Amino acid sequence: MLARNPNRSTDSRDNRTDPGERRVRRSNVEEGEGCLSSFKTTMADLVLATEEDKIEYLKSYNCNPPPFFILVLCLVELIIFIYYGFKTERKQWLTMDTALLNSPLIYDPYQREEVWRFVSYMFLHADLEHVIGNVLLQLTVGIMLEMVHKSFRVIIVFMSGVIAGSLASSIFDPYVYLVGASGGVYALLGGYLINIFLNWSRMAFNGLHLLIISIIVATDLGFSIWRRLVFDECAVSLTAHIAGAFAGISIGYVAFRNFNSNLLKDPSWWASVFAYLFMCCVAVFWNLFLSPVGTVL
């Protein structure tokens, strides 16, 4: 999952390091690390291919900041889901209720002037299986990415998917209400997928990673299509899923390329950000002046 630091020396002495010496070096690193040492060591063994990459990650990782974003996000989503579940006499456990449709958090295509709805919809979920599915995906993929790339990069990729999902849906699926964090989840999956390809030769179990992501995406998309066709009152926006994935691939391409790089000094980072912002501006213009639902201005 990690790219080797390009600034690291690769002289002949490093190339001649034998396996026994590498095991000693790694043992010394593990003994000196106290923050989540057991967890991050296990993760390094599962995610990274070479001993050098594992040692570099174990040396560089610290809990500043701790991997808080995904955990806090999941907690907030569950609290809000439980709140609406009891508010609707637990109808919300099974299907979307009118209380959710009237929530100030939902993305409502007829109230797009309330711009926070383009983001806040991610905290709402249609039913129990919806919230459990998103929470599990966030925990399995998000925690791993956040442990490696820190919270700042994961937040950027996740939020880029959330915003791209609502903006794209407002253009290509303009009459659909949006709830759920699927745009952000698919951004993480897209960033994770591009991370697999970028670091294929250095990632342990790379084929297994690709297989798992493919199964997750195929299953979720299949379920979403089935739900879209069967439940008219709770239509799923496939556009939001796809837009979130593309946002994750484009932004995640740079954000997850090297866990040690300085994004602010990377021209490709600014190129991807400006391209993303340009597409957002196009979507905003559409909502202001061209939307078939009704223009905001």
# chains A, B, ... in the order shown; residues from 1 in each chain; ligands from 1

$ closest_atom_pairs --of "range 70-175 of chain A" --to "range 244-259 of chain A" --cutoff "9 Å" --atoms "only C-alpha atoms" --output "JSON lines"
{"residue": "A:Leu145", "atom": "CA", "partner": "A:Phe256", "partner_atom": "CA", "distance": 8.3}
{"residue": "A:Val148", "atom": "CA", "partner": "A:Phe259", "partner_atom": "CA", "distance": 6.6}
{"residue": "A:His149", "atom": "CA", "partner": "A:Phe259", "partner_atom": "CA", "distance": 5.1}
{"residue": "A:Lys150", "atom": "CA", "partner": "A:Phe259", "partner_atom": "CA", "distance": 8.2}
{"residue": "A:Arg153", "atom": "CA", "partner": "A:Ala255", "partner_atom": "CA", "distance": 6.0}
{"residue": "A:Val154", "atom": "CA", "partner": "A:Ala255", "partner_atom": "CA", "distance": 8.2}
{"residue": "A:Ile156", "atom": "CA", "partner": "A:Ile251", "partner_atom": "CA", "distance": 8.1}
{"residue": "A:Val157", "atom": "CA", "partner": "A:Gly248", "partner_atom": "CA", "distance": 5.6}
{"residue": "A:Phe158", "atom": "CA", "partner": "A:Gly248", "partner_atom": "CA", "distance": 7.3}
{"residue": "A:Ser160", "atom": "CA", "partner": "A:Ala247", "partner_atom": "CA", "distance": 6.0}
{"residue": "A:Gly161", "atom": "CA", "partner": "A:Gly244", "partner_atom": "CA", "distance": 3.9}
{"residue": "A:Val162", "atom": "CA", "partner": "A:Gly244", "partner_atom": "CA", "distance": 6.4}
{"residue": "A:Ile163", "atom": "CA", "partner": "A:Gly244", "partner_atom": "CA", "distance": 8.0}
{"residue": "A:Ala164", "atom": "CA", "partner": "A:Gly244", "partner_atom": "CA", "distance": 5.8}
{"residue": "A:Gly165", "atom": "CA", "partner": "A:Gly244", "partner_atom": "CA", "distance": 5.2}
{"residue": "A:Ser166", "atom": "CA", "partner": "A:Gly244", "partner_atom": "CA", "distance": 9.0}
{"residue": "A:Ala168", "atom": "CA", "partner": "A:Gly244", "partner_atom": "CA", "distance": 8.9}

$ write_last_selection --atoms "all heavy atoms" --output "CSV table (one decimal), in the first residue's frame"
chain,number,residue,atom,x,y,z
A,145,LEU,N,-6.2,3.2,5.4
A,145,LEU,CA,-5.7,4.3,4.7
A,145,LEU,C,-5.3,5.4,5.7
A,145,LEU,O,-4.3,6.1,5.5
A,145,LEU,CB,-6.7,4.9,3.7
A,145,LEU,CG,-7.0,4.0,2.5
A,145,LEU,CD1,-8.1,4.5,1.7
A,145,LEU,CD2,-5.7,3.8,1.6
A,148,VAL,N,-2.0,4.9,7.5
A,148,VAL,CA,-0.8,5.0,6.6
A,148,VAL,C,-0.6,6.5,6.2
A,148,VAL,O,0.5,7.0,6.3
A,148,VAL,CB,-0.9,4.1,5.4
A,148,VAL,CG1,0.2,4.4,4.4
A,148,VAL,CG2,-0.9,2.6,5.8
A,149,HIS,N,-1.7,7.1,5.7
A,149,HIS,CA,-1.6,8.4,5.0
A,149,HIS,C,-2.0,9.6,5.9
A,149,HIS,O,-2.0,10.7,5.5
A,149,HIS,CB,-2.4,8.4,3.8
A,149,HIS,CG,-1.9,7.4,2.7
A,149,HIS,ND1,-0.8,7.6,2.0
A,149,HIS,CD2,-2.4,6.2,2.4
A,149,HIS,CE1,-0.6,6.6,1.2
A,149,HIS,NE2,-1.5,5.7,1.4
A,150,LYS,N,-2.4,9.3,7.1
A,150,LYS,CA,-2.9,10.3,8.1
A,150,LYS,C,-4.2,10.9,7.8
A,150,LYS,O,-4.7,10.7,6.6
A,150,LYS,CB,-1.8,11.4,8.2
A,150,LYS,CG,-0.5,11.0,8.7
A,150,LYS,CD,-0.5,10.4,10.1
A,150,LYS,CE,0.8,10.0,10.7
A,150,LYS,NZ,1.7,11.2,11.0
A,153,ARG,N,-5.2,13.6,4.6
A,153,ARG,CA,-5.4,13.1,3.2
A,153,ARG,C,-6.6,12.3,3.1
A,153,ARG,O,-7.3,12.4,2.0
A,153,ARG,CB,-4.2,12.2,2.8
A,153,ARG,CG,-2.8,13.0,2.9
A,153,ARG,CD,-1.7,12.2,2.3
A,153,ARG,NE,-0.4,12.9,2.5
A,153,ARG,CZ,0.6,12.8,1.7
A,153,ARG,NH1,0.6,12.0,0.7
A,153,ARG,NH2,1.7,13.4,2.0
A,154,VAL,N,-7.0,11.5,4.1
A,154,VAL,CA,-8.2,10.7,4.0
A,154,VAL,C,-9.4,11.6,4.0
A,154,VAL,O,-10.4,11.4,3.3
A,154,VAL,CB,-8.3,9.7,5.2
A,154,VAL,CG1,-9.6,9.0,5.2
A,154,VAL,CG2,-7.2,8.7,5.0
A,156,ILE,N,-9.6,14.7,2.9
A,156,ILE,CA,-9.7,15.4,1.6
A,156,ILE,C,-10.3,14.4,0.5
A,156,ILE,O,-11.2,14.8,-0.2
A,156,ILE,CB,-8.3,15.8,1.1
A,156,ILE,CG1,-7.8,17.0,1.9
A,156,ILE,CG2,-8.3,16.2,-0.4
A,156,ILE,CD1,-6.5,17.5,1.6
A,157,VAL,N,-9.8,13.2,0.5
A,157,VAL,CA,-10.3,12.2,-0.5
A,157,VAL,C,-11.8,11.9,-0.2
A,157,VAL,O,-12.6,11.9,-1.1
A,157,VAL,CB,-9.5,10.9,-0.5
A,157,VAL,CG1,-10.1,9.9,-1.4
A,157,VAL,CG2,-8.1,11.3,-1.0
A,158,PHE,N,-12.1,11.7,1.0
A,158,PHE,CA,-13.5,11.3,1.4
A,158,PHE,C,-14.5,12.5,1.0
A,158,PHE,O,-15.5,12.3,0.4
A,158,PHE,CB,-13.6,11.0,2.9
A,158,PHE,CG,-14.9,10.5,3.3
A,158,PHE,CD1,-15.2,9.1,3.3
A,158,PHE,CD2,-15.9,11.4,3.8
A,158,PHE,CE1,-16.4,8.6,3.7
A,158,PHE,CE2,-17.2,10.9,4.2
A,158,PHE,CZ,-17.4,9.5,4.2
A,160,SER,N,-14.0,14.9,-1.0
A,160,SER,CA,-14.1,15.1,-2.5
A,160,SER,C,-15.2,14.2,-3.1
A,160,SER,O,-15.9,14.6,-4.0
A,160,SER,CB,-12.7,14.9,-3.1
A,160,SER,OG,-12.4,13.5,-3.2
A,161,GLY,N,-15.3,13.0,-2.6
A,161,GLY,CA,-16.3,12.1,-3.1
A,161,GLY,C,-17.7,12.5,-2.7
A,161,GLY,O,-18.6,12.3,-3.5
A,162,VAL,N,-17.9,13.0,-1.4
A,162,VAL,CA,-19.2,13.4,-1.0
A,162,VAL,C,-19.7,14.6,-1.8
A,162,VAL,O,-20.8,14.6,-2.3
A,162,VAL,CB,-19.1,13.8,0.5
A,162,VAL,CG1,-20.4,14.5,0.9
A,162,VAL,CG2,-18.8,12.6,1.4
A,163,ILE,N,-18.8,15.6,-2.0
A,163,ILE,CA,-19.2,16.7,-2.8
A,163,ILE,C,-19.5,16.4,-4.3
A,163,ILE,O,-20.4,16.8,-4.9
A,163,ILE,CB,-18.2,17.9,-2.7
A,163,ILE,CG1,-18.2,18.3,-1.2
A,163,ILE,CG2,-18.5,19.0,-3.6
A,163,ILE,CD1,-17.0,19.3,-0.9
A,164,ALA,N,-18.5,15.6,-4.8
A,164,ALA,CA,-18.7,15.2,-6.2
A,164,ALA,C,-20.0,14.4,-6.4
A,164,ALA,O,-20.7,14.5,-7.5
A,164,ALA,CB,-17.5,14.3,-6.7
A,165,GLY,N,-20.3,13.5,-5.4
A,165,GLY,CA,-21.5,12.7,-5.5
A,165,GLY,C,-22.8,13.6,-5.6
A,165,GLY,O,-23.7,13.3,-6.5
A,166,SER,N,-22.9,14.5,-4.8
A,166,SER,CA,-24.1,15.4,-4.8
A,166,SER,C,-24.2,16.3,-6.0
A,166,SER,O,-25.2,16.5,-6.6
A,166,SER,CB,-24.2,16.2,-3.5
A,166,SER,OG,-23.0,17.0,-3.3
A,168,ALA,N,-22.7,15.8,-9.0
A,168,ALA,CA,-23.0,15.0,-10.2
A,168,ALA,C,-24.4,14.5,-10.2
A,168,ALA,O,-25.1,14.5,-11.3
A,168,ALA,CB,-22.0,13.8,-10.2

$ closest_residue --among "A:Asn260, A:Asn134, A:Ser169, A:Ser151" --to "Pro109 in chain A" --atoms "only C-alpha atoms"
A:Ser169

$ closest_residue --among "A:Phe123, A:Phe39, A:Tyr177, A:Trp286" --to "Asn102 in chain A" --atoms "only C-alpha atoms"
A:Tyr177

$ closest_residue --among "A:Gln138, A:Ser237, A:Asn287, A:Ser182" --to "Val72 in chain A" --atoms "only C-alpha atoms"
A:Gln138

$ atom_distance --atom1 "CA of Gly183 in chain A" --atom2 "CA of Leu238 in chain A"
9.6 Å

$ select_by_dssp --residues "range 161-296 of chain A" --states "alpha helix (DSSP H)" --output "number ranges by chain"
A: 161-172, 182-198, 206-230, 238-255, 267-289

$ atom_distance --atom1 "CA of Asp220 in chain A" --atom2 "CA of Leu178 in chain A"
16.5 Å

$ residues_around --residues "Arg112 in chain A" --least-positions-apart "2" --cutoff "10 Å" --atoms "only C-alpha atoms" --output "PyMOL selection string"
chain A and resi 107-110+114-118+170+287-288+293-296

$ decode --residues "range 125-180 of chain A" --atoms "C-alpha atoms" --output "PDB file, in the first residue's frame"
ATOM      1  CA  HIS A 125     -28.924   6.671   5.957  1.00  0.00           C
ATOM      2  CA  ALA A 126     -32.052   5.123   4.522  1.00  0.00           C
ATOM      3  CA  ASP A 127     -32.202   1.983   6.662  1.00  0.00           C
ATOM      4  CA  LEU A 128     -30.219  -0.379   8.866  1.00  0.00           C
ATOM      5  CA  GLU A 129     -28.453  -2.264   6.089  1.00  0.00           C
ATOM      6  CA  HIS A 130     -27.478   1.039   4.469  1.00  0.00           C
ATOM      7  CA  VAL A 131     -25.760   2.434   7.552  1.00  0.00           C
ATOM      8  CA  ILE A 132     -24.133  -0.889   8.510  1.00  0.00           C
ATOM      9  CA  GLY A 133     -22.758  -1.350   5.000  1.00  0.00           C
ATOM     10  CA  ASN A 134     -21.224   2.121   4.882  1.00  0.00           C
ATOM     11  CA  VAL A 135     -19.815   1.914   8.401  1.00  0.00           C
ATOM     12  CA  LEU A 136     -18.180  -1.460   7.721  1.00  0.00           C
ATOM     13  CA  LEU A 137     -16.615  -0.211   4.488  1.00  0.00           C
ATOM     14  CA  GLN A 138     -15.362   2.938   6.202  1.00  0.00           C
ATOM     15  CA  LEU A 139     -13.799   0.926   9.003  1.00  0.00           C
ATOM     16  CA  THR A 140     -12.168  -1.729   6.828  1.00  0.00           C
ATOM     17  CA  VAL A 141     -10.771   0.561   4.129  1.00  0.00           C
ATOM     18  CA  GLY A 142     -10.711   3.961   5.822  1.00  0.00           C
ATOM     19  CA  ILE A 143      -8.845   2.996   8.983  1.00  0.00           C
ATOM     20  CA  MET A 144      -6.105   1.304   6.995  1.00  0.00           C
ATOM     21  CA  LEU A 145      -5.677   4.330   4.716  1.00  0.00           C
ATOM     22  CA  GLU A 146      -5.789   6.731   7.642  1.00  0.00           C
ATOM     23  CA  MET A 147      -3.168   4.789   9.582  1.00  0.00           C
ATOM     24  CA  VAL A 148      -0.816   5.022   6.619  1.00  0.00           C
ATOM     25  CA  HIS A 149      -1.593   8.391   5.046  1.00  0.00           C
ATOM     26  CA  LYS A 150      -2.857  10.300   8.109  1.00  0.00           C
ATOM     27  CA  SER A 151      -6.244  11.956   8.624  1.00  0.00           C
ATOM     28  CA  PHE A 152      -5.704  15.043   6.455  1.00  0.00           C
ATOM     29  CA  ARG A 153      -5.358  13.089   3.203  1.00  0.00           C
ATOM     30  CA  VAL A 154      -8.205  10.720   4.008  1.00  0.00           C
ATOM     31  CA  ILE A 155     -10.506  13.645   4.855  1.00  0.00           C
ATOM     32  CA  ILE A 156      -9.685  15.358   1.555  1.00  0.00           C
ATOM     33  CA  VAL A 157     -10.333  12.223  -0.506  1.00  0.00           C
ATOM     34  CA  PHE A 158     -13.508  11.327   1.394  1.00  0.00           C
ATOM     35  CA  MET A 159     -15.009  14.819   1.205  1.00  0.00           C
ATOM     36  CA  SER A 160     -14.115  15.146  -2.465  1.00  0.00           C
ATOM     37  CA  GLY A 161     -16.282  12.067  -3.073  1.00  0.00           C
ATOM     38  CA  VAL A 162     -19.171  13.398  -0.979  1.00  0.00           C
ATOM     39  CA  ILE A 163     -19.247  16.734  -2.811  1.00  0.00           C
ATOM     40  CA  ALA A 164     -18.693  15.155  -6.237  1.00  0.00           C
ATOM     41  CA  GLY A 165     -21.533  12.715  -5.537  1.00  0.00           C
ATOM     42  CA  SER A 166     -24.129  15.389  -4.771  1.00  0.00           C
ATOM     43  CA  LEU A 167     -23.008  17.753  -7.541  1.00  0.00           C
ATOM     44  CA  ALA A 168     -22.971  14.997 -10.172  1.00  0.00           C
ATOM     45  CA  SER A 169     -26.350  13.733  -9.008  1.00  0.00           C
ATOM     46  CA  SER A 170     -27.780  17.244  -9.282  1.00  0.00           C
ATOM     47  CA  ILE A 171     -26.838  17.197 -12.991  1.00  0.00           C
ATOM     48  CA  PHE A 172     -27.347  13.605 -14.141  1.00  0.00           C
ATOM     49  CA  ASP A 173     -29.976  12.469 -11.617  1.00  0.00           C
ATOM     50  CA  PRO A 174     -31.578  15.803 -10.746  1.00  0.00           C
ATOM     51  CA  TYR A 175     -34.836  14.653  -9.115  1.00  0.00           C
ATOM     52  CA  VAL A 176     -33.336  12.181  -6.643  1.00  0.00           C
ATOM     53  CA  TYR A 177     -32.980  12.872  -2.914  1.00  0.00           C
ATOM     54  CA  LEU A 178     -29.634  11.819  -1.456  1.00  0.00           C
ATOM     55  CA  VAL A 179     -28.769  10.207   1.866  1.00  0.00           C
ATOM     56  CA  GLY A 180     -25.717   8.204   2.879  1.00  0.00           C
TER      57      GLY A 180
END
